[in-house]
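**Student:** For reference, the file my_file_1.txt (compact mmCIF, C-alpha atoms) is included below:
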```txt
# COMPACT_ATOMS: atom_id res chain seq x y z
CA MET A 1 19.07 -5.70 27.54
CA PRO A 2 21.78 -8.39 27.64
CA ILE A 3 22.82 -10.84 24.95
CA THR A 4 21.71 -14.32 26.01
CA THR A 5 22.95 -17.68 24.79
CA ARG A 6 21.32 -21.10 24.73
CA MET A 7 21.65 -24.46 23.04
CA VAL A 8 19.13 -25.39 20.34
CA HIS A 9 18.92 -28.92 18.94
CA ALA A 10 18.59 -28.76 15.16
CA ASN A 11 19.49 -31.11 12.32
CA GLY A 12 20.84 -33.66 14.78
CA ILE A 13 23.31 -31.36 16.54
CA ASN A 14 23.33 -28.84 19.36
CA VAL A 15 23.75 -25.31 18.06
CA ARG A 16 24.76 -22.52 20.42
CA VAL A 17 22.71 -19.44 19.67
CA ALA A 18 23.19 -15.90 20.95
CA GLU A 19 20.04 -13.77 20.95
CA MET A 20 19.08 -10.19 21.63
CA GLY A 21 16.26 -7.79 20.85
CA SER A 22 12.78 -8.07 19.38
CA GLY A 23 11.14 -7.28 16.10
CA ALA A 24 11.88 -8.50 12.59
CA PRO A 25 14.24 -11.51 12.81
CA LEU A 26 17.80 -11.28 11.49
CA LEU A 27 20.07 -14.32 11.28
CA LEU A 28 23.73 -13.32 11.70
CA LEU A 29 26.23 -15.73 10.11
CA HIS A 30 29.87 -15.40 11.12
CA GLY A 31 32.99 -16.24 9.15
CA TRP A 32 36.34 -17.79 10.01
CA PRO A 33 38.04 -17.55 12.54
CA GLU A 34 34.97 -16.21 14.30
CA PHE A 35 31.99 -17.35 16.35
CA TRP A 36 28.78 -15.63 17.42
CA PHE A 37 30.74 -13.17 19.56
CA THR A 38 32.03 -11.40 16.46
CA TRP A 39 28.60 -9.70 16.27
CA ALA A 40 28.62 -8.53 19.90
CA LYS A 41 29.52 -4.94 19.01
CA ILE A 42 26.64 -4.42 16.61
CA MET A 43 23.89 -6.45 18.29
CA PRO A 44 23.15 -3.80 20.96
CA LEU A 45 22.94 -1.19 18.19
CA LEU A 46 20.16 -3.10 16.41
CA ALA A 47 18.27 -4.76 19.26
CA ASP A 48 15.67 -1.99 19.54
CA GLN A 49 14.23 -2.95 16.15
CA PHE A 50 15.31 -6.50 15.33
CA ARG A 51 15.32 -9.95 16.87
CA LEU A 52 18.96 -10.91 16.44
CA ILE A 53 19.90 -14.58 16.17
CA ALA A 54 23.65 -15.28 16.03
CA PRO A 55 24.51 -18.99 15.97
CA ASP A 56 27.87 -20.70 16.14
CA LEU A 57 28.22 -22.72 12.95
CA ARG A 58 28.74 -26.48 13.20
CA GLY A 59 32.31 -27.08 14.37
CA PHE A 60 32.69 -23.52 15.67
CA GLY A 61 32.27 -21.98 19.11
CA GLY A 62 29.91 -23.82 21.40
CA SER A 63 28.13 -25.83 18.69
CA ASP A 64 28.72 -29.55 18.25
CA LYS A 65 31.77 -30.81 16.40
CA ILE A 66 30.07 -33.59 14.46
CA PRO A 67 31.77 -35.40 12.88
CA ALA A 68 34.73 -34.94 15.18
CA GLY A 69 38.32 -34.59 14.03
CA VAL A 70 39.38 -34.05 10.45
CA SER A 71 36.38 -34.18 8.14
CA ARG A 72 35.45 -33.55 4.50
CA GLU A 73 31.74 -33.66 5.33
CA ILE A 74 31.26 -30.10 6.64
CA THR A 75 30.07 -28.69 3.35
CA THR A 76 28.29 -25.46 2.51
CA ASP A 77 25.07 -27.39 1.97
CA LEU A 78 25.35 -29.08 5.38
CA HIS A 79 25.83 -25.71 7.11
CA ALA A 80 22.83 -24.37 5.18
CA ALA A 81 20.75 -27.37 6.27
CA ASP A 82 21.78 -26.68 9.88
CA MET A 83 20.64 -23.07 9.62
CA ASN A 84 17.37 -24.02 7.94
CA ALA A 85 16.66 -26.55 10.70
CA LEU A 86 17.55 -23.98 13.35
CA LEU A 87 15.07 -21.49 11.89
CA GLU A 88 12.47 -24.25 11.70
CA VAL A 89 12.90 -25.01 15.41
CA LEU A 90 12.64 -21.29 16.16
CA ASP A 91 9.47 -21.19 14.02
CA LEU A 92 10.88 -18.48 11.75
CA ARG A 93 10.00 -18.55 8.07
CA ASP A 94 10.57 -15.04 6.74
CA VAL A 95 13.98 -13.87 7.97
CA GLY A 96 16.69 -11.49 6.91
CA VAL A 97 20.27 -12.74 6.80
CA VAL A 98 23.41 -10.75 7.59
CA ALA A 99 26.63 -12.56 6.73
CA HIS A 100 30.37 -12.17 6.64
CA ASP A 101 33.13 -14.19 4.93
CA ILE A 102 32.25 -17.92 4.73
CA GLY A 103 28.91 -17.07 6.33
CA ALA A 104 28.01 -15.36 3.05
CA LEU A 105 28.56 -18.59 1.10
CA ILE A 106 26.42 -20.47 3.60
CA ALA A 107 23.75 -17.79 3.28
CA GLN A 108 23.70 -18.21 -0.50
CA ALA A 109 23.24 -21.98 -0.10
CA LEU A 110 20.47 -21.40 2.44
CA ILE A 111 18.67 -19.09 0.01
CA ARG A 112 19.03 -21.45 -2.94
CA ASN A 113 18.38 -24.74 -1.14
CA HIS A 114 15.48 -23.59 1.01
CA PRO A 115 13.33 -21.15 -0.99
CA GLY A 116 11.08 -18.90 1.03
CA ARG A 117 13.14 -19.08 4.19
CA VAL A 118 15.11 -15.86 3.59
CA SER A 119 13.50 -12.62 2.49
CA LYS A 120 16.53 -10.30 2.18
CA PHE A 121 20.30 -10.82 2.20
CA PHE A 122 23.03 -8.46 3.43
CA ALA A 123 26.74 -9.29 3.17
CA PHE A 124 30.01 -7.58 3.98
CA ASP A 125 32.81 -9.75 2.55
CA CYS A 126 31.00 -11.87 0.00
CA PRO A 127 32.70 -14.82 -1.68
CA TYR A 128 30.57 -15.92 -4.63
CA PRO A 129 30.95 -18.12 -7.73
CA GLY A 130 32.03 -15.22 -9.95
CA ILE A 131 35.40 -15.04 -8.21
CA GLY A 132 36.34 -18.27 -9.95
CA LYS A 133 40.06 -19.11 -9.93
CA ARG A 134 41.16 -15.63 -8.98
CA TRP A 135 41.94 -16.88 -5.43
CA ILE A 136 45.23 -18.18 -6.84
CA GLU A 137 45.82 -16.05 -9.93
CA GLY A 138 47.77 -12.85 -10.41
CA GLY A 139 49.69 -13.14 -7.16
CA GLN A 140 46.54 -13.36 -5.02
CA ILE A 141 47.83 -16.59 -3.46
CA ARG A 142 50.12 -14.52 -1.23
CA TYR A 143 46.99 -13.33 0.58
CA SER A 144 44.80 -16.45 0.35
CA TRP A 145 47.53 -19.04 1.07
CA TYR A 146 45.99 -19.86 4.47
CA MET A 147 43.01 -21.52 2.76
CA TRP A 148 45.35 -24.26 1.53
CA PHE A 149 47.43 -24.34 4.71
CA HIS A 150 44.28 -25.16 6.69
CA GLN A 151 43.87 -28.33 4.63
CA THR A 152 47.26 -29.75 5.63
CA LYS A 153 47.82 -32.31 8.37
CA LEU A 154 50.15 -29.93 10.23
CA ALA A 155 47.84 -26.93 10.46
CA ALA A 156 45.95 -27.72 13.68
CA GLU A 157 49.05 -29.07 15.42
CA LEU A 158 51.18 -26.04 14.57
CA VAL A 159 48.61 -23.31 15.20
CA GLY A 160 47.20 -25.03 18.29
CA HIS A 161 50.53 -25.95 19.84
CA SER A 162 50.13 -23.41 22.65
CA ARG A 163 48.23 -20.31 23.61
CA GLU A 164 51.16 -18.31 22.28
CA THR A 165 51.09 -19.90 18.82
CA MET A 166 47.30 -19.56 18.70
CA ALA A 167 47.55 -15.88 19.57
CA ILE A 168 50.27 -15.29 16.98
CA TYR A 169 48.16 -16.82 14.23
CA LEU A 170 44.90 -15.13 15.20
CA ARG A 171 46.64 -11.78 15.57
CA PHE A 172 47.96 -12.20 12.04
CA VAL A 173 44.46 -13.01 10.75
CA LEU A 174 42.31 -10.62 12.78
CA GLN A 175 44.59 -7.64 13.23
CA GLY A 176 46.41 -8.22 9.96
CA GLY A 177 43.15 -8.39 8.03
CA SER A 178 41.79 -5.17 9.51
CA GLN A 179 42.40 -1.68 8.23
CA ASN A 180 41.81 -0.46 11.79
CA LYS A 181 44.64 -2.24 13.59
CA HIS A 182 43.01 -1.61 16.98
CA ALA A 183 39.61 -3.12 16.07
CA PHE A 184 40.23 -6.22 18.19
CA ASP A 185 42.13 -4.61 21.07
CA ASP A 186 39.20 -4.94 23.46
CA ASN A 187 38.15 -8.52 22.65
CA PHE A 188 41.09 -10.34 21.06
CA GLU A 189 41.59 -12.72 23.99
CA ALA A 190 37.99 -13.93 23.63
CA PHE A 191 38.82 -15.18 20.13
CA VAL A 192 41.93 -16.92 21.43
CA ASP A 193 39.94 -18.51 24.26
CA ASN A 194 37.35 -19.73 21.79
CA MET A 195 39.88 -21.35 19.48
CA LEU A 196 41.55 -23.10 22.42
CA VAL A 197 38.33 -25.00 23.17
CA PRO A 198 38.95 -28.63 22.09
CA GLY A 199 37.74 -29.21 18.55
CA ASN A 200 37.21 -25.59 17.54
CA LEU A 201 40.44 -25.13 15.61
CA GLN A 202 39.99 -28.27 13.51
CA GLY A 203 36.27 -27.58 13.32
CA GLY A 204 37.02 -24.36 11.49
CA PHE A 205 39.74 -25.89 9.32
CA ASN A 206 37.23 -28.54 8.24
CA TRP A 207 35.39 -25.86 6.29
CA TYR A 208 38.38 -25.50 3.98
CA ILE A 209 38.92 -29.26 3.73
CA SER A 210 35.25 -29.88 2.93
CA THR A 211 34.83 -27.13 0.35
CA ALA A 212 38.04 -27.79 -1.61
CA ARG A 213 36.21 -29.43 -4.49
CA PRO A 214 34.44 -28.28 -7.65
CA VAL A 215 30.75 -27.50 -7.29
CA PRO A 216 28.20 -26.73 -10.01
CA VAL A 217 27.57 -23.05 -10.55
CA ALA A 218 24.04 -22.36 -9.35
CA GLY A 219 21.53 -19.96 -10.79
CA PRO A 220 21.22 -16.36 -9.62
CA ILE A 221 19.78 -15.28 -6.31
CA THR A 222 16.66 -13.20 -6.88
CA ILE A 223 15.77 -11.86 -3.43
CA PRO A 224 16.81 -8.29 -2.50
CA THR A 225 20.52 -8.29 -1.77
CA ARG A 226 22.85 -5.63 -0.37
CA ILE A 227 26.61 -6.22 -0.64
CA LEU A 228 28.88 -3.72 1.06
CA TRP A 229 32.35 -4.69 -0.17
CA PRO A 230 35.30 -3.58 2.02
CA GLN A 231 37.61 -1.19 0.22
CA LYS A 232 40.80 -2.34 1.97
CA ASP A 233 40.28 -6.11 2.08
CA ALA A 234 43.33 -7.86 0.62
CA VAL A 235 41.60 -11.27 0.67
CA PHE A 236 38.59 -9.97 -1.30
CA PRO A 237 39.87 -7.28 -3.70
CA VAL A 238 37.32 -4.71 -4.81
CA ALA A 239 37.94 -5.71 -8.44
CA TRP A 240 36.16 -8.99 -7.68
CA MET A 241 32.84 -7.18 -7.56
CA ASP A 242 32.79 -7.21 -11.36
CA ARG A 243 30.55 -10.28 -11.79
CA LEU A 244 28.11 -9.76 -8.93
CA GLY A 245 25.32 -8.83 -11.34
CA GLU A 246 25.46 -12.30 -12.90
CA PHE A 247 24.66 -14.01 -9.59
CA PHE A 248 22.32 -11.53 -7.85
CA THR A 249 19.45 -10.10 -9.87
CA ASP A 250 18.05 -7.68 -7.26
CA LEU A 251 21.34 -6.18 -6.13
CA ASP A 252 22.53 -3.03 -4.41
CA ALA A 253 26.33 -3.26 -4.24
CA SER A 254 28.87 -0.63 -3.31
CA VAL A 255 32.32 -0.20 -1.84
CA ASN A 256 32.60 0.13 1.94
CA PRO A 257 35.24 2.86 2.35
CA GLY A 258 38.10 2.69 4.85
CA VAL A 259 37.59 -0.84 6.19
CA GLY A 260 39.36 -4.15 5.84
CA HIS A 261 38.10 -7.70 6.23
CA PHE A 262 36.09 -7.17 9.45
CA PRO A 263 33.77 -4.15 9.01
CA HIS A 264 31.48 -5.18 11.89
CA GLN A 265 34.50 -5.02 14.22
CA GLU A 266 36.28 -2.06 12.62
CA GLN A 267 33.27 0.24 12.24
CA PRO A 268 30.39 -1.24 14.27
CA GLU A 269 28.25 1.91 14.29
CA ALA A 270 28.46 2.41 10.53
CA SER A 271 27.94 -1.31 9.92
CA ALA A 272 24.85 -1.39 12.12
CA ALA A 273 23.48 1.68 10.37
CA ALA A 274 23.93 0.03 6.97
CA ILE A 275 22.17 -3.12 8.15
CA ARG A 276 19.30 -1.13 9.64
CA GLY A 277 18.91 0.93 6.51
CA PHE A 278 18.67 -2.08 4.24
CA PHE A 279 16.22 -4.08 6.31
CA THR A 280 13.90 -1.17 7.02
CA GLN A 281 13.65 0.17 3.48
CA ARG A 282 10.52 -0.67 1.54
```
What does the file become when written as structure tokens?
**Tutor:**
Amino acid sequence: MPITTRMVHANGINVRVAEMGSGAPLLLLHGWPEFWFTWAKIMPLLADQFRLIAPDLRGFGGSDKIPAGVSREITTDLHAADMNALLEVLDLRDVGVVAHDIGALIAQALIRNHPGRVSKFFAFDCPYPGIGKRWIEGGQIRYSWYMWFHQTKLAAELVGHSRETMAIYLRFVLQGGSQNKHAFDDNFEAFVDNMLVPGNLQGGFNWYISTARPVPVAGPITIPTRILWPQKDAVFPVAWMDRLGEFFTDLDASVNPGVGHFPHQEQPEASAAAIRGFFTQR
């Protein structure tokens, strides 16, 4: 059973969607610097029981870059509206969501802004409002500095100067963020190829430009939620789990041992098993 891709028109843009399997629908939301392909190792492990829907977010991968160029309009709420419209076109109301990195923030907005669309939520790396200002406090800025670099005028020009500079930066992010330093050995060039597509680099950087503003702290998420927090993730220290209970009222949270920032790449079998277990439990 192969993974297939197609374009779906939703919320005024064309969204590239990768699909595989049949059964209960799961929406897979990638992070940065990823695209749908980041889920390619776990999709075959779940396709016997789930209909897997892995879109490229607006500005990423094969989806439209609208608006083009540098933009402050690509907000969390806009991404959530895109995903809600996509699910509407696919005629899916009751879906599970699996998310990583910025995809987890988009998932939270989707749940809050569009009640009834998502039934259960699973996240690996899970930024959430309880982190507060800790991104820059206590020396954490030495790990999260790239979030501010991406907002500068030089970022896209420097990183995208050549295939070599793109590979250097992505190797630092992907390999450097992984506890398993060989997790991307077999597919690293696909991530480089993707970021070299015109618009994709700035499309991803626009997330950081668009979300660099205060937002009201929303109420708690009440649907069943499973957060598997990577033990060795320098960008999301385990200590930041401390306020999860304030923002998720039906929560099962634990530490994911031995993995860094990309569990679905570092330990695909274990990651798939955790996803399956959560979405099949009563």
**Student:** Please list as a list in words every residue within 12 Å of Thr75 of chain A, counting only C-alpha atoms and excluding residues in the same chain fewer than 4 positions away.
**Tutor:**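 In the requested format, the answer is Leu57, Arg58, Gly59, Pro67, Ser71, His79, Ala80, Ala81, Asp82, Ile102, Leu105, Ile106, Ala109, Gly203, Gly204, Phe205, Asn206, Trp207, Tyr208, Ile209, Ser210, Thr211, Ala212, Arg213, Pro214 and Val215 of chain A.
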**Student:** Quick one: pull the distance between atom CA of Gly69 of chain A and atom CA of Tyr128 of chain A, Å, one decimal.
**Tutor:** 27.5 Å
**Student:** Just to confirm, what's the straight-line distance from atom CA of Ala40 of chain A to atom CA of Thr4 of chain A in Å (one decimal)?
**Tutor:**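 Taking atom CA of Ala40 of chain A as the start and atom CA of Thr4 of chain A as the end point, the length is 10.9 Å.
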**Student:** Neighbours of segment 184-193 of chain A within 9 Å (only C-alpha atoms; same-chain residues fewer than 3 positions away dropped), as a PyMOL selection string?
**Tutor:** chain A and resi 33-35+37-38+163+166-167+170-171+174-175+178+180-181+196-197+265-266
**Student:** Could you jot down the atom CA of Trp36 of chain A to atom CA of Arg112 of chain A separation for me, Å, one decimal place?
**Tutor:**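 Pair atom CA of Trp36 of chain A / atom CA of Arg112 of chain A returns 23.3 Å.
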**Student:** Report as a compact mmCIF listing (two decimals) with C-alpha atoms, keeping the file's coordinate frame all protein, DNA and RNA residues lying within 12 Å of Gly139 of chain A, evaluated on only C-alpha atoms, omitting residues in the same chain fewer than 5 positions from it.
**Tutor:**
```
# COMPACT_ATOMS: atom_id res chain seq x y z
CA LYS A 133 40.06 -19.11 -9.93
CA ARG A 134 41.16 -15.63 -8.98
CA SER A 144 44.80 -16.45 0.35
CA TRP A 145 47.53 -19.04 1.07
CA ALA A 234 43.33 -7.86 0.62
CA VAL A 235 41.60 -11.27 0.67
CA PRO A 237 39.87 -7.28 -3.70
```
**Student:** Which of these, A:Ala54, A:Val8, A:Val173, A:Leu158, has the shortest distance to Leu90 of chain A once you count all atoms listed in the file?
**Tutor:** A:Val8
**Student:** From the set A:Arg51, A:Arg243, A:Arg72, A:Lys65, which residue has the shortest atom-to-atom contact distance to Leu92 of chain A, counting only C-alpha atoms?
**Tutor:** A:Arg51
**Student:** Could you check which of A:Thr280, A:Thr249, A:Ser254, A:Gln202 is closest to Ile74 of chain A, using all atoms listed in the file?
**Tutor:**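 Going through A:Thr280, A:Thr249, A:Ser254, A:Gln202 one by one, the smallest distance to Ile74 of chain A is for A:Gln202.
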**Student:** Pick from A:His9, A:Thr222, A:His264, A:Val159: nearest to His30 of chain A, with all atoms listed in the file counted?
**Tutor:** A:His264
**Student:** Check the smallest atom-to-atom distance from each of A:Met83, A:Val118, A:Val97, A:Ala107 to Phe50 of chain A using all atoms listed in the file, then report the winner.
**Tutor:**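 Looking only at the distances to Phe50 of chain A, the closest residue turns out to be A:Val97.
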**Student:** Choose the residue, out of A:Gly103, A:Ile66, A:Gly31, A:Phe172, that has the smallest atom-to-atom separation from Tyr146 of chain A; count all atoms listed in the file.
**Tutor:**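 For Tyr146 of chain A, the nearest of the candidates is A:Phe172.
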**Student:** Which residues are near Ile223 of chain A? Cut-off 9 Å, all atoms listed in the file, ignore same chain within fewer than 2 positions. Put them as a list in words.
**Tutor:**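 In the requested form, the answer reads Ile111, Val118, Ser119, Lys120, Phe121, Ile221, Thr225, Phe248, Thr249, Asp250 and Leu251 of chain A.
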**Student:** Go ahead and save the residues from that selection, with C-alpha atoms, as a CSV table (one decimal), keeping the file's coordinate frame.
**Tutor:**
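Done, and the output landed in selection_9.csv:
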```csv
chain,number,residue,atom,x,y,z
A,111,ILE,CA,18.7,-19.1,0.0
A,118,VAL,CA,15.1,-15.9,3.6
A,119,SER,CA,13.5,-12.6,2.5
A,120,LYS,CA,16.5,-10.3,2.2
A,121,PHE,CA,20.3,-10.8,2.2
A,221,ILE,CA,19.8,-15.3,-6.3
A,225,THR,CA,20.5,-8.3,-1.8
A,248,PHE,CA,22.3,-11.5,-7.8
A,249,THR,CA,19.4,-10.1,-9.9
A,250,ASP,CA,18.0,-7.7,-7.3
A,251,LEU,CA,21.3,-6.2,-6.1
```
**Student:** Counting all atoms listed in the file, find the residues whose atoms lie at most 7 Å from (31.6, -21.0, 19.1) (file coordinates) and write them out as a short mmCIF file (atom, residue, chain, number, x, y, z; two decimals) with C-alpha atoms, keeping the file's coordinate frame.
**Tutor:**
```cif
data_model
loop_
_atom_site.label_atom_id
_atom_site.label_comp_id
_atom_site.auth_asym_id
_atom_site.auth_seq_id
_atom_site.Cartn_x
_atom_site.Cartn_y
_atom_site.Cartn_z
CA PHE A 35 31.99 -17.35 16.35
CA TRP A 36 28.78 -15.63 17.42
CA ASP A 56 27.87 -20.70 16.14
CA PHE A 60 32.69 -23.52 15.67
CA GLY A 61 32.27 -21.98 19.11
CA GLY A 62 29.91 -23.82 21.40
CA SER A 63 28.13 -25.83 18.69
CA ASN A 194 37.35 -19.73 21.79
#
```
